[in-house]
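Enquirer: Structure supplied as query15.txt; contents: compact mmCIF, C-alpha atoms.
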# COMPACT_ATOMS: atom_id res chain seq x y z
CA MET A 1274 116.65 -70.11 -8.12
CA LYS A 1275 116.88 -67.90 -5.06
CA PHE A 1276 114.42 -65.05 -4.78
CA VAL A 1277 116.24 -61.89 -3.76
CA LEU A 1278 114.34 -58.93 -5.06
CA ILE A 1279 116.70 -56.12 -4.15
CA ASP A 1280 120.39 -55.80 -5.15
CA LYS A 1281 121.69 -52.96 -3.03
CA ILE A 1282 120.80 -50.80 -0.04
CA VAL A 1283 121.70 -47.28 -1.11
CA LYS A 1284 120.73 -45.37 2.00
CA LEU A 1285 119.43 -46.29 5.42
CA GLU A 1286 118.27 -44.02 8.21
CA THR A 1287 117.63 -46.12 11.31
CA ALA A 1288 113.93 -46.54 12.11
CA LYS A 1289 113.02 -43.96 9.47
CA GLU A 1290 113.73 -44.70 5.82
CA ILE A 1291 115.53 -47.03 3.47
CA ILE A 1292 116.38 -46.62 -0.20
CA THR A 1293 117.30 -49.68 -2.26
CA THR A 1294 117.79 -50.61 -5.88
CA LYS A 1295 116.88 -53.59 -7.99
CA ASN A 1296 118.33 -54.19 -11.45
CA VAL A 1297 115.94 -56.15 -13.64
CA SER A 1298 117.86 -58.79 -15.57
CA LEU A 1299 116.85 -60.84 -18.60
CA SER A 1300 118.35 -63.85 -16.86
CA GLU A 1301 115.60 -63.97 -14.22
CA GLU A 1302 113.93 -67.28 -15.02
CA TYR A 1303 110.33 -66.24 -14.43
CA LEU A 1304 110.61 -63.62 -17.19
CA ALA A 1305 110.54 -66.36 -19.84
CA ASP A 1306 106.80 -66.74 -19.29
CA HIS A 1307 106.03 -63.21 -18.20
CA PHE A 1308 105.78 -62.53 -21.05
CA PRO A 1309 107.48 -64.33 -23.94
CA VAL A 1310 107.77 -61.26 -26.21
CA PHE A 1311 107.58 -58.60 -23.50
CA PRO A 1312 109.49 -59.70 -20.41
CA VAL A 1313 108.59 -57.62 -17.35
CA LEU A 1314 108.96 -58.16 -13.64
CA PRO A 1315 105.75 -59.65 -12.21
CA GLY A 1316 103.87 -57.23 -9.98
CA VAL A 1317 104.27 -59.42 -6.92
CA PHE A 1318 108.04 -59.11 -7.23
CA LEU A 1319 107.82 -55.34 -7.35
CA LEU A 1320 105.86 -55.55 -4.11
CA GLN A 1321 108.41 -58.03 -2.77
CA GLY A 1322 111.18 -55.49 -3.44
CA LEU A 1323 109.35 -52.98 -1.25
CA ILE A 1324 108.79 -55.59 1.44
CA GLU A 1325 112.41 -56.76 1.46
CA SER A 1326 113.54 -53.15 1.75
CA ALA A 1327 111.30 -52.63 4.77
CA CYS A 1328 112.50 -55.91 6.31
CA TRP A 1329 116.11 -54.69 6.22
CA LEU A 1330 115.10 -51.41 7.82
CA VAL A 1331 113.41 -53.31 10.65
CA ARG A 1332 116.35 -55.69 11.10
CA GLN A 1333 118.94 -52.92 11.22
CA SER A 1334 116.81 -50.74 13.48
CA GLN A 1335 116.24 -53.60 15.91
CA ASN A 1336 119.83 -54.76 15.71
CA PHE A 1337 118.71 -58.07 14.19
CA ALA A 1338 116.72 -58.95 17.29
CA ASN A 1339 114.15 -61.04 15.39
CA SER A 1340 114.92 -63.91 13.04
CA MET A 1341 111.49 -63.72 11.43
CA VAL A 1342 110.42 -60.52 9.70
CA LEU A 1343 107.37 -61.25 7.57
CA LEU A 1344 104.64 -59.49 5.63
CA ALA A 1345 101.49 -59.02 7.70
CA GLN A 1346 99.36 -57.02 5.28
CA ALA A 1347 99.63 -55.10 1.99
CA LYS A 1348 97.11 -52.41 1.05
CA ASN A 1349 96.64 -49.74 -1.64
CA VAL A 1350 99.06 -51.49 -3.96
CA LYS A 1351 99.22 -49.77 -7.33
CA TYR A 1352 101.13 -50.89 -10.41
CA LYS A 1353 101.80 -47.81 -12.49
CA SER A 1354 104.18 -49.12 -15.13
CA PHE A 1355 106.11 -52.22 -16.10
CA ALA A 1356 109.74 -52.91 -15.16
CA ALA A 1357 111.72 -54.49 -18.00
CA PRO A 1358 115.26 -55.93 -18.21
CA GLY A 1359 117.87 -53.18 -18.18
CA MET A 1360 115.85 -50.98 -15.85
CA GLN A 1361 116.98 -50.13 -12.35
CA ILE A 1362 114.15 -49.72 -9.89
CA ARG A 1363 114.76 -47.46 -6.94
CA TYR A 1364 112.62 -48.28 -3.91
CA THR A 1365 112.00 -45.73 -1.18
CA VAL A 1366 110.34 -47.08 1.93
CA THR A 1367 109.43 -44.87 4.87
CA ALA A 1368 108.54 -46.29 8.26
CA LYS A 1369 105.31 -45.01 9.79
CA ASP A 1370 105.91 -46.94 12.97
CA ILE A 1371 108.29 -49.67 14.13
CA GLU A 1372 107.40 -51.44 17.37
CA ASP A 1373 108.89 -54.63 18.83
CA ASN A 1374 106.69 -57.06 16.91
CA ILE A 1375 104.90 -55.00 14.30
CA SER A 1376 105.74 -52.19 11.90
CA SER A 1377 104.04 -50.25 9.12
CA PHE A 1378 105.38 -48.58 6.00
CA VAL A 1379 104.67 -46.55 2.92
CA GLY A 1380 106.76 -47.47 -0.10
CA SER A 1381 107.21 -46.61 -3.75
CA GLY A 1382 109.37 -47.79 -6.62
CA GLU A 1383 110.43 -45.67 -9.56
CA CYS A 1384 112.80 -45.80 -12.51
CA ASN A 1385 114.31 -42.53 -13.75
CA GLY A 1386 111.45 -40.60 -12.22
CA GLU A 1387 108.77 -42.84 -13.75
CA PRO A 1388 106.54 -44.34 -11.03
CA ILE A 1389 106.42 -48.13 -11.10
CA VAL A 1390 104.73 -49.26 -7.88
CA ASP A 1391 103.21 -47.85 -4.68
CA ALA A 1392 102.04 -49.69 -1.60
CA ARG A 1393 101.25 -49.43 2.08
CA PHE A 1394 102.06 -52.50 4.15
CA SER A 1395 102.81 -53.81 7.58
CA LEU A 1396 105.26 -56.42 8.81
CA ARG A 1397 105.30 -58.67 11.84
CA HIS A 1398 108.50 -59.79 13.55
CA PHE A 1399 109.32 -62.44 16.14
CA ASN A 1400 111.69 -65.25 17.03
CA LEU A 1401 110.82 -68.92 16.54
CA ALA A 1402 111.92 -69.54 20.12
CA GLU A 1403 108.90 -67.56 21.31
CA LYS A 1404 106.72 -70.42 20.15
CA ASN A 1405 109.14 -73.20 21.08
CA SER A 1406 112.38 -72.65 22.97
CA LYS A 1407 114.01 -75.51 21.04
CA PHE A 1408 114.20 -73.21 18.03
CA ALA A 1409 116.60 -70.75 19.63
CA ILE A 1410 119.46 -72.37 17.69
CA GLU A 1411 117.61 -71.88 14.43
CA ASP A 1412 116.94 -68.25 15.31
CA ALA A 1413 120.65 -67.68 15.97
CA TYR A 1414 121.63 -69.35 12.69
CA ILE A 1415 119.10 -67.39 10.65
CA ILE A 1416 120.19 -64.10 12.24
CA GLU A 1417 123.84 -64.90 11.49
CA LYS A 1418 123.00 -65.52 7.83
CA LEU A 1419 120.95 -62.35 7.66
CA LYS A 1420 123.86 -60.32 9.03
CA GLU A 1421 126.09 -61.77 6.32
CA ARG A 1422 123.56 -60.92 3.62
CA TYR A 1423 123.23 -57.40 5.04
CA LYS A 1424 126.97 -56.86 4.60
CA LEU A 1425 126.63 -57.81 0.94
CA LEU A 1426 123.75 -55.42 0.41
CA TYR A 1427 124.95 -52.40 2.33
CA SER A 1428 128.42 -50.91 2.43
CA GLY A 1429 127.37 -47.75 4.27
CA GLN A 1430 127.46 -47.09 8.00
CA MET B 422 69.43 -63.91 -17.32
CA ALA B 423 69.22 -60.21 -18.13
CA MET B 424 70.86 -57.85 -15.68
CA THR B 425 71.11 -54.08 -15.80
CA LYS B 426 74.57 -52.54 -15.99
CA ASP B 427 74.10 -51.22 -12.46
CA GLU B 428 73.41 -54.73 -11.17
CA ILE B 429 76.43 -56.03 -13.06
CA LEU B 430 78.59 -53.23 -11.62
CA LYS B 431 77.51 -54.12 -8.08
CA GLU B 432 78.48 -57.78 -8.60
CA ILE B 433 81.81 -56.79 -10.12
CA GLN B 434 82.50 -54.46 -7.19
CA ASP B 435 82.05 -57.43 -4.84
CA VAL B 436 84.33 -59.59 -7.02
CA LEU B 437 87.09 -57.00 -7.03
CA VAL B 438 86.79 -56.26 -3.29
CA ASP B 439 87.26 -60.00 -2.64
CA ALA B 440 89.97 -60.57 -5.24
CA LEU B 441 92.06 -57.45 -4.64
CA GLY B 442 91.36 -56.55 -1.01
CA VAL B 443 90.31 -53.02 -1.92
CA ASP B 444 87.42 -51.04 -0.40
CA ASP B 445 84.15 -50.81 -2.37
CA ASP B 446 84.38 -47.08 -2.75
CA GLU B 447 87.64 -47.51 -4.64
CA VAL B 448 85.93 -49.65 -7.29
CA THR B 449 84.51 -46.91 -9.50
CA PRO B 450 83.70 -47.56 -13.17
CA GLN B 451 86.75 -45.57 -14.29
CA ALA B 452 89.15 -47.24 -11.87
CA LYS B 453 92.04 -48.96 -13.64
CA LEU B 454 92.57 -52.49 -12.43
CA MET B 455 96.36 -52.23 -12.26
CA ALA B 456 97.19 -48.57 -11.65
CA ASP B 457 94.33 -47.86 -9.21
CA LEU B 458 93.33 -51.19 -7.72
CA GLY B 459 96.68 -52.98 -7.70
CA ALA B 460 95.70 -55.96 -9.87
CA GLU B 461 98.51 -57.88 -11.48
CA SER B 462 98.90 -61.09 -13.51
CA ILE B 463 98.00 -63.52 -10.75
CA ASP B 464 94.94 -61.47 -9.87
CA PHE B 465 93.49 -61.68 -13.39
CA LEU B 466 93.14 -65.43 -13.00
CA ASP B 467 91.35 -64.96 -9.70
CA ILE B 468 89.08 -62.24 -11.11
CA VAL B 469 88.03 -64.39 -14.08
CA PHE B 470 87.23 -67.32 -11.80
CA ARG B 471 85.16 -65.20 -9.42
CA MET B 472 83.28 -63.54 -12.29
CA GLU B 473 82.44 -66.95 -13.76
CA LYS B 474 80.94 -67.95 -10.42
CA ALA B 475 79.15 -64.63 -9.89
CA PHE B 476 77.46 -64.56 -13.30
CA GLY B 477 77.21 -68.26 -14.14
CA ILE B 478 79.08 -67.83 -17.42
CA LYS B 479 82.25 -69.27 -18.90
CA ILE B 480 85.03 -66.74 -19.48
CA PRO B 481 88.19 -67.82 -21.30
CA ARG B 482 90.93 -65.71 -19.70
CA GLU B 483 92.28 -64.39 -23.02
CA GLU B 484 88.81 -63.12 -23.87
CA LEU B 485 88.59 -60.87 -20.85
CA PHE B 486 92.28 -60.02 -20.55
CA PRO B 487 93.80 -60.33 -24.01
CA ALA B 488 96.99 -58.48 -23.06
CA GLU B 489 98.78 -61.64 -21.93
CA ALA B 490 97.99 -63.48 -25.17
CA LEU B 491 99.14 -60.46 -27.19
CA LEU B 492 102.37 -60.15 -25.20
CA SER B 493 103.20 -63.79 -25.97
CA THR B 494 103.10 -63.49 -29.76
CA ALA B 495 106.06 -62.03 -31.66
CA ASP B 496 103.95 -60.62 -34.51
CA PHE B 497 101.99 -58.41 -32.16
CA VAL B 498 104.76 -56.58 -30.32
CA SER B 499 107.82 -54.73 -31.58
CA GLY B 500 110.06 -52.19 -29.86
CA GLY B 501 107.81 -52.00 -26.80
CA LYS B 502 104.73 -51.14 -28.88
CA LEU B 503 101.89 -53.13 -30.40
CA THR B 504 102.28 -53.59 -34.14
CA GLN B 505 99.35 -52.93 -36.47
CA LYS B 506 98.64 -56.67 -36.35
CA GLY B 507 98.69 -56.47 -32.57
CA LEU B 508 96.31 -53.52 -32.56
CA ASP B 509 93.94 -55.30 -34.95
CA GLU B 510 93.99 -58.34 -32.69
CA LEU B 511 93.35 -56.18 -29.62
CA LYS B 512 90.41 -54.47 -31.34
CA LYS B 513 89.00 -57.87 -32.28
CA ARG B 514 89.23 -59.13 -28.71
CA MET B 515 87.88 -55.96 -27.11
CA PRO B 516 85.09 -54.94 -29.49
CA HIS B 517 83.18 -52.96 -26.86
CA THR B 518 86.08 -50.83 -25.71
CA ASP B 519 87.26 -47.61 -27.32
CA ILE B 520 90.96 -48.21 -27.80
CA SER B 521 91.58 -45.22 -30.07
CA LYS B 522 93.55 -43.25 -27.47
CA PHE B 523 95.78 -46.21 -26.80
CA ALA B 524 96.10 -46.94 -30.54
CA ALA B 525 97.49 -43.43 -31.13
CA ASP B 526 100.61 -44.46 -29.20
CA PRO B 527 100.35 -48.20 -28.51
CA ASN B 528 103.10 -48.30 -25.87
CA VAL B 529 102.82 -51.69 -24.18
CA ASN B 530 103.59 -50.03 -20.86
CA LYS B 531 100.22 -48.32 -21.13
CA ILE B 532 98.17 -51.36 -22.06
CA GLY B 533 97.18 -51.91 -18.44
CA ASP B 534 95.31 -48.58 -18.46
CA LEU B 535 92.76 -50.04 -20.91
CA PHE B 536 91.45 -52.43 -18.28
CA THR B 537 89.01 -50.50 -16.17
CA VAL B 538 86.08 -51.67 -14.10
CA GLN B 539 83.76 -50.41 -16.87
CA VAL B 540 85.41 -52.81 -19.33
CA LEU B 541 84.46 -55.71 -17.07
CA VAL B 542 80.87 -54.43 -16.80
CA ASP B 543 80.56 -54.05 -20.59
CA PHE B 544 82.04 -57.50 -21.13
CA VAL B 545 79.55 -59.20 -18.83
CA ALA B 546 76.64 -57.18 -20.23
CA ALA B 547 77.53 -58.35 -23.74
CA LYS B 548 77.81 -61.96 -22.58
CA LEU B 549 74.51 -61.99 -20.72
CA ASN B 550 72.26 -59.94 -22.97
Just dump the structure as structure tokens.

Expert:
Amino acid sequence: MKFVLIDKIVKLETAKEIITTKNVSLSEEYLADHFPVFPVLPGVFLLQGLIESACWLVRQSQNFANSMVLLAQAKNVKYKSFAAPGMQIRYTVTAKDIEDNISSFVGSGECNGEPIVDARFSLRHFNLAEKNSKFAIEDAYIIEKLKERYKLLYSGQ
Amino acid sequence: MAMTKDEILKEIQDVLVDALGVDDDEVTPQAKLMADLGAESIDFLDIVFRMEKAFGIKIPREELFPAEALLSTADFVSGGKLTQKGLDELKKRMPHTDISKFAADPNVNKIGDLFTVQVLVDFVAAKLN
């Protein structure tokens, strides 16, 4: 299965903040084991939702300049409550700083006012061609695909 | 090998700093593994392994973190809460922990709050002494 841990970008303020949502669905395969009689989204996927949100903020703010936007570090992660099928998690991620190749964020996820997850994390961003110019084609392809995905996620301006 | 609870706490602080990437001053006895220190399912495996190495004891994962075993058995959970059977099982698996506050409203969402650093210290103390 594909791992896409947010469903919609609700609001985006360039270089400042992004708000996204994720609907937890019983059909997510990993829930069968986590746990059999109490399916809940694994903590790492809650964190992943925050990270993906931040990645989109970086991409949009940098006009998709970098094909690679990756987690550099996660700190002060706190899991406050479980997220079960039927719940919609709302992630709010605020940028502390976005530079060319590195950025840092504070993020939280909640459902109907109930806190689910908090974290501070930083991302690193670059193009594959920086390491090897032969990969410029791959960078272009990846960026094209990311732009298409962005259109699916965000219908705002 | 008899260790004092303070010595056990120091070892467990090192384990949790390594496993969870937190700072030592965050690892207080009352700190909750999930809500304060950011531990989640994958981390429990890592924590058990590191504690086994640190103390030279064998720790079956369900003994230290019974929540996962409870959440996999239909008899123990109903409507997002532990059933009486589930509570009895929890009490049996965590004999050194006061679960009375949790038992008053056994909402599974709150089960993570039971697992504090102190619980790990008490567990190891019981195993060693």

Enquirer: Do you have the atom CA of Lys502 of chain B-atom CA of Gln1361 of chain A distance handy?

Expert: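 Computing it gives 20.6 Å between the two atoms.
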
Enquirer: Give the answer as one residue: which of B:Ile463, B:Leu485, B:Met515, B:Ile520 has the shortest atom-to-atom distance to chain A, using only C-alpha atoms?

Expert: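 Residue with the minimum atom-to-atom distance to chain A: B:Ile463.
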
Enquirer: Starting from chain A, keep only residues with some atom at most 8 Å from an atom of chain B, counting only C-alpha atoms, and report them as a PyMOL selection string.

Expert: chain A and resi 1308-1311+1315-1317+1348-1355

Enquirer: Would you please work out which residue, of B:Phe465, B:Phe470, B:Phe536, B:Phe476, is nearest to Met424 of chain B when using only C-alpha atoms?

Expert: B:Phe476

Enquirer: Please determine, counting only C-alpha atoms, which residue among A:Met1360, A:Ile1371, A:Ala1288, A:Leu1314 has the shortest atom-to-atom distance to Arg1397 of chain A.

Expert: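 Nearest candidate to Arg1397 of chain A out of A:Met1360, A:Ile1371, A:Ala1288, A:Leu1314: A:Ile1371.
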
Enquirer: Please list as an NGL selection string every residue within 9 Å of Cys1384 of chain A, counting only C-alpha atoms and excluding residues in the same chain fewer than 2 positions away.

Expert: :A and (1356 or 1360-1364 or 1382 or 1386-1389)

Enquirer: Using only C-alpha atoms, which of the listed residues (B:Glu473, B:His517, B:Val538, B:Lys426) sits closest to Val438 of chain B?

Expert: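 That would be B:Val538, the residue with the smallest distance to Val438 of chain B.
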